[in-house]
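*Asks:* Input: one structure, supplied below.
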Amino acid sequence: MNELPRVPASEKPGDLGFTRQAKMVPWLSPTQLIGTGLRVFISETFGSYSDKREILGSLAEFPPEPYTGAPELWFDYVADLGDAFEPTYAIASMLARRQLTLAGGDSGAGGDSLITPRGRLLVMGGDQVYPTASVNAYANQTVGPYRAALPYVEPPEVAPDLYTIPGNHDWYDGLTAFMRTFCRGEWVGGWRTKQTRSYFAVELPHRWWLWGLDFQFDSYIDEPQYRYFADIAEGKMKSGDSVILCTPTPAWVSANKEEGENAYATVDYLERRLVRDTGAKVRLMITGDAHHYARYAQTDGTGPSPSSEGRTAQKITAGGGGAFLSSTHNLPEDLVLPPQGARDPGKTTPPTHWRLQKCYPSKPESRKLCLRAFRLPFENRGLWVLIGLLHLAYAWMAESAVRQGTDHFADFMSRVSYSGLVRALAHNPLAIGITLAVVVGLAGFTKTGVTAKKWGLGGPHAVVQLLAVLLSIGVSARICSAIGLDGAAFGVVFVILVGVGGGLLGCEVMAVYLLVADRFGLNDNELFAAQRNRDWKNFVRMHIGVDGVLTVYPVGVDRTLRKWHLRKGGDNADPWFEPQGGPVEVKLIEAPIRIEPASPPPASVAAPVKKATRARKPRKTGTAE
């Protein structure tokens, strides 16, 4: 039973029960890159030989929840959470509210405000913690903030349920922490976990199904998981049922990008063999992993029209639960699924066609946000330090290669020319080795499998970085000489100028590279990860009405508040934190999307209903109630 927690006496970790994550993950920090890279290597290597999903398949399931008996159902979807406290808690607090008022936004919804209730169940769609999974990371970055947002629901019998699927970051410890946190029937604040495996199938009202899939690093569906869904498809699903498919990644987008032709193969195989062969239809696919909102509608080459509204299948990416913002300006306008280059001989034919209907932020806004790349050294100070040390190492290697007699560092640097620096470094084997490592490393940093692009962009990037080394050393030496420094004073000032100025210059060179690479559709993830943008967050609220129609309400938060203070007074079941400077403003990203079921409910059940209550006074922004 979920015990009623008391409001903490202070914000100290001992009182809160968790440590607030103050800063977002600095993805381009060298220590972060090395640590995450090692976790990825270990997880992908040993995960191939020790797949915990094989063990999960033998575990008993919890009794299914009685959702099918309800005349209607509200439920929520959020993904890519568990980074810094402020953006994670901002979204958690919206999901926790008993009612949420949403403005029409720029959606063409007439500017009306809608009052929507909290979901009866919450789906977390992957990457519940960053950068890597552990029991402590989940406690501090996910469970703690969500418990603070919804400490308790009275009575516990009406508490909302929680279902989760893992993303790649949840897999970095082999699912150990994920299983302990989400597969034991434990409470996450006022939400109770309802699964024993890393995947699930839930039957919803009016012949709707909610399936959550676990692909383990986008690899494949394991045999126990396949049998789990096959048994449901063969034994419980009927022709005309409708399916909402939750996947760990937007494979439909990846499949239409360079070298991604087979990214959609697993989804296509499962939909073809377990859904369509049963006579059911996937009406909605929803995912996270990309930290933005994007919706594609099926067109089959004709494009959706007002007359077809509701009958069109949808694919939605909604990865705005708290992690850094991802770009939208490189999203393809049209998709072909599966793409022509897919190798699966049994792939769906003819392929289906999809068109981008809405993205958040918009493509023009996303392009403007690219310029925040110049904040890279300030958002990733570890990279600044590393590049500064690299510049200093080159200065030391140049001097040591040509040291003669009693020459000192200041004597050499005060008289050396740029050509002299190059000649000196060319005589140092260590400098040659480091230079080759820089060239190869920066070419490898270019995210493409096309060799021409890798060296065509990565090679010039490496050359400019090396020229920046010469520039920072030469300019710093001339400054020290111009102001008359010598001996130890020369060395101290030179080290500061090269370490700080050279590091800053190298970071800005990398920022320029990221902007150039983005023009070729490359490294856009690194471009936005380096910004650590806390804003433009989202989640999705959904409603199955008594008429069997699924209505999707995409919720956007343009700006998450930076300061949350511990609440003083109030009931123990109230949220622990309140924002400073007013409530969080929320809105509809676009007009609600109606998705009709594959087979409508009987006429005796179906009846027109309002999908959400209209607020009395329409307003431009919405707030939590």
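Identifiers for the structure tokens are assigned positionally: chains receive A, B, ... in sequence, residues are indexed from 1 per chain, and ligands are indexed from 1 in the order shown.
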Can you pull out the residues contacting Thr266 in chain A? Cut-off 7 Å, using only C-alpha atoms, and skip same-chain residues under 3 positions away; I want them as number ranges by chain.
*Replies:* A: 220, 269-270
*Asks:* For Ser419 in chain A, please output as a PyMOL selection string all residues within 12 Å (counting only C-alpha atoms; exclusion window: fewer than 6 positions along the same chain).
*Replies:* chain A and resi 398+425-426+467+470-471+474
*Asks:* Mind checking DSSP for range 66-208 of chain A and telling me the helix (DSSP H, G or I) residues as a ChimeraX atom specification?
*Replies:* /A:67-69,85-96,135-149,156-158,176-182,205-207
*Asks:* Enumerate, as a PyMOL selection string, the complete set of residues in range 500-571 of chain A that a backbone-based DSSP assignment places in strand (DSSP E or B).
*Replies:* chain A and resi 537-544+550-557+564-566
*Asks:* Export, as a PDB file, in the first residue's frame, the selected residues with N, CA and C atoms.
*Replies:*
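selection-v4.pdb written:
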```pdb
ATOM      1  N   LYS A 537       8.870  21.836 -24.159  1.00  0.00           N
ATOM      2  CA  LYS A 537       8.576  20.472 -23.713  1.00  0.00           C
ATOM      3  C   LYS A 537       7.135  20.105 -24.078  1.00  0.00           C
ATOM      4  N   ASN A 538       6.834  18.809 -24.025  1.00  0.00           N
ATOM      5  CA  ASN A 538       5.504  18.361 -24.450  1.00  0.00           C
ATOM      6  C   ASN A 538       5.160  17.016 -23.840  1.00  0.00           C
ATOM      7  N   PHE A 539       3.885  16.714 -23.830  1.00  0.00           N
ATOM      8  CA  PHE A 539       3.359  15.368 -23.593  1.00  0.00           C
ATOM      9  C   PHE A 539       2.028  15.274 -24.311  1.00  0.00           C
ATOM     10  N   VAL A 540       1.437  14.092 -24.316  1.00  0.00           N
ATOM     11  CA  VAL A 540       0.187  13.875 -25.050  1.00  0.00           C
ATOM     12  C   VAL A 540      -0.879  13.352 -24.100  1.00  0.00           C
ATOM     13  N   ARG A 541      -2.035  13.974 -24.130  1.00  0.00           N
ATOM     14  CA  ARG A 541      -3.206  13.505 -23.387  1.00  0.00           C
ATOM     15  C   ARG A 541      -4.201  12.930 -24.389  1.00  0.00           C
ATOM     16  N   MET A 542      -4.763  11.764 -24.084  1.00  0.00           N
ATOM     17  CA  MET A 542      -5.659  11.083 -25.020  1.00  0.00           C
ATOM     18  C   MET A 542      -6.971  10.714 -24.355  1.00  0.00           C
ATOM     19  N   HIS A 543      -7.995  10.592 -25.161  1.00  0.00           N
ATOM     20  CA  HIS A 543      -9.342  10.303 -24.657  1.00  0.00           C
ATOM     21  C   HIS A 543     -10.075   9.387 -25.629  1.00  0.00           C
ATOM     22  N   ILE A 544     -10.559   8.276 -25.119  1.00  0.00           N
ATOM     23  CA  ILE A 544     -11.460   7.412 -25.880  1.00  0.00           C
ATOM     24  C   ILE A 544     -12.869   7.713 -25.401  1.00  0.00           C
ATOM     25  N   LEU A 550     -10.906   8.039 -30.673  1.00  0.00           N
ATOM     26  CA  LEU A 550      -9.730   8.442 -29.907  1.00  0.00           C
ATOM     27  C   LEU A 550      -9.390   9.883 -30.274  1.00  0.00           C
ATOM     28  N   THR A 551      -9.339  10.749 -29.265  1.00  0.00           N
ATOM     29  CA  THR A 551      -8.955  12.143 -29.483  1.00  0.00           C
ATOM     30  C   THR A 551      -7.621  12.397 -28.804  1.00  0.00           C
ATOM     31  N   VAL A 552      -6.697  12.945 -29.565  1.00  0.00           N
ATOM     32  CA  VAL A 552      -5.336  13.195 -29.079  1.00  0.00           C
ATOM     33  C   VAL A 552      -5.176  14.691 -28.844  1.00  0.00           C
ATOM     34  N   TYR A 553      -4.750  15.042 -27.621  1.00  0.00           N
ATOM     35  CA  TYR A 553      -4.498  16.430 -27.246  1.00  0.00           C
ATOM     36  C   TYR A 553      -2.997  16.605 -27.018  1.00  0.00           C
ATOM     37  N   PRO A 554      -2.253  17.131 -27.988  1.00  0.00           N
ATOM     38  CA  PRO A 554      -0.817  17.355 -27.774  1.00  0.00           C
ATOM     39  C   PRO A 554      -0.589  18.623 -26.953  1.00  0.00           C
ATOM     40  N   VAL A 555       0.070  18.480 -25.820  1.00  0.00           N
ATOM     41  CA  VAL A 555       0.236  19.569 -24.858  1.00  0.00           C
ATOM     42  C   VAL A 555       1.658  20.107 -24.944  1.00  0.00           C
ATOM     43  N   GLY A 556       1.806  21.413 -25.084  1.00  0.00           N
ATOM     44  CA  GLY A 556       3.117  22.041 -25.182  1.00  0.00           C
ATOM     45  C   GLY A 556       3.386  23.003 -24.048  1.00  0.00           C
ATOM     46  N   VAL A 557       4.641  23.075 -23.652  1.00  0.00           N
ATOM     47  CA  VAL A 557       5.113  24.041 -22.650  1.00  0.00           C
ATOM     48  C   VAL A 557       6.271  24.791 -23.293  1.00  0.00           C
ATOM     49  N   TRP A 564      11.719  26.438  -8.590  1.00  0.00           N
ATOM     50  CA  TRP A 564      10.629  25.789  -7.867  1.00  0.00           C
ATOM     51  C   TRP A 564      11.012  25.733  -6.393  1.00  0.00           C
ATOM     52  N   HIS A 565      10.104  26.194  -5.553  1.00  0.00           N
ATOM     53  CA  HIS A 565      10.387  26.245  -4.121  1.00  0.00           C
ATOM     54  C   HIS A 565       9.464  25.295  -3.367  1.00  0.00           C
ATOM     55  N   LEU A 566       9.974  24.771  -2.274  1.00  0.00           N
ATOM     56  CA  LEU A 566       9.194  23.861  -1.448  1.00  0.00           C
ATOM     57  C   LEU A 566       7.972  24.575  -0.897  1.00  0.00           C
TER      58      LEU A 566
END
```
*Asks:* Considering only C-alpha atoms, state which residue in the set A:Ile316, A:Leu466, A:Thr348, A:Gly499 is at the smallest distance from Leu442 in chain A.
*Replies:* A:Leu466
*Asks:* Using only C-alpha atoms, pick whichever of A:Lys368, A:Arg594, A:Arg295, A:Lys563 has the shortest atom-to-atom distance to Gln580 in chain A.
*Replies:*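 For Gln580 in chain A, the nearest of the candidates is A:Lys563.
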*Asks:* Using only C-alpha atoms, which of A:Val450, A:Ile387, A:Val129, A:Ala395 sits nearest Gly506 in chain A?
*Replies:*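 Checking each candidate against Gly506 in chain A, we get A:Ile387 as the closest.
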*Asks:* Go through A:Pro597, A:Trp211, A:Val439, A:Ala79 one by one, measure the shortest atom-to-atom distance of each to Val464 in chain A using only C-alpha atoms, and give the residue with the smallest value.
*Replies:*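 Of all the options, A:Val439 lies closest to Val464 in chain A.
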*Asks:* Which residues are near Leu325 in chain A? Cut-off 9 Å, only C-alpha atoms, ignore same chain within fewer than 4 positions. Put them as a compact mmCIF listing (two decimals) with C-alpha atoms, in the first residue's frame.
*Replies:*
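Now in part.txt:
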```
# COMPACT_ATOMS: atom_id res chain seq x y z
CA ALA A 290 13.52 12.45 -30.45
CA HIS A 291 12.89 15.30 -28.00
CA HIS A 292 10.27 17.22 -29.90
CA GLY A 319 9.67 13.04 -26.55
CA GLY A 320 9.33 16.26 -24.58
CA PHE A 528 20.98 20.56 -30.03
CA ALA A 529 22.33 18.31 -27.26
CA GLN A 531 22.59 23.55 -26.07
CA ARG A 532 20.90 21.72 -23.15
CA ASN A 533 17.66 23.57 -23.92
CA ARG A 534 15.14 23.26 -21.06
CA ASP A 535 12.20 24.68 -22.99
CA TRP A 536 9.74 23.50 -25.69
CA LYS A 537 8.58 20.47 -23.71
```
*Asks:* Set the distance at 10 Å and use only C-alpha atoms: which residues neighbour range 199-201 of chain A once local chain neighbours fewer than 5 positions away are removed? I'd like the list as a PyMOL selection string.
*Replies:* chain A and resi 53+56-57+61+64+163-166+183+194+209-215+225+228-229+232+243-247
*Asks:* Work out how far CA of Leu527 in chain A is from CA of Ala373 in chain A, in Å to one decimal.
*Replies:*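 CA of Leu527 in chain A lies 6.4 Å from CA of Ala373 in chain A.
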*Asks:* Just to confirm, what's the straight-line distance from CA of Pro345 in chain A to CA of Ile221 in chain A in Å (one decimal)?
*Replies:*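 Pair CA of Pro345 in chain A / CA of Ile221 in chain A returns 17.7 Å.
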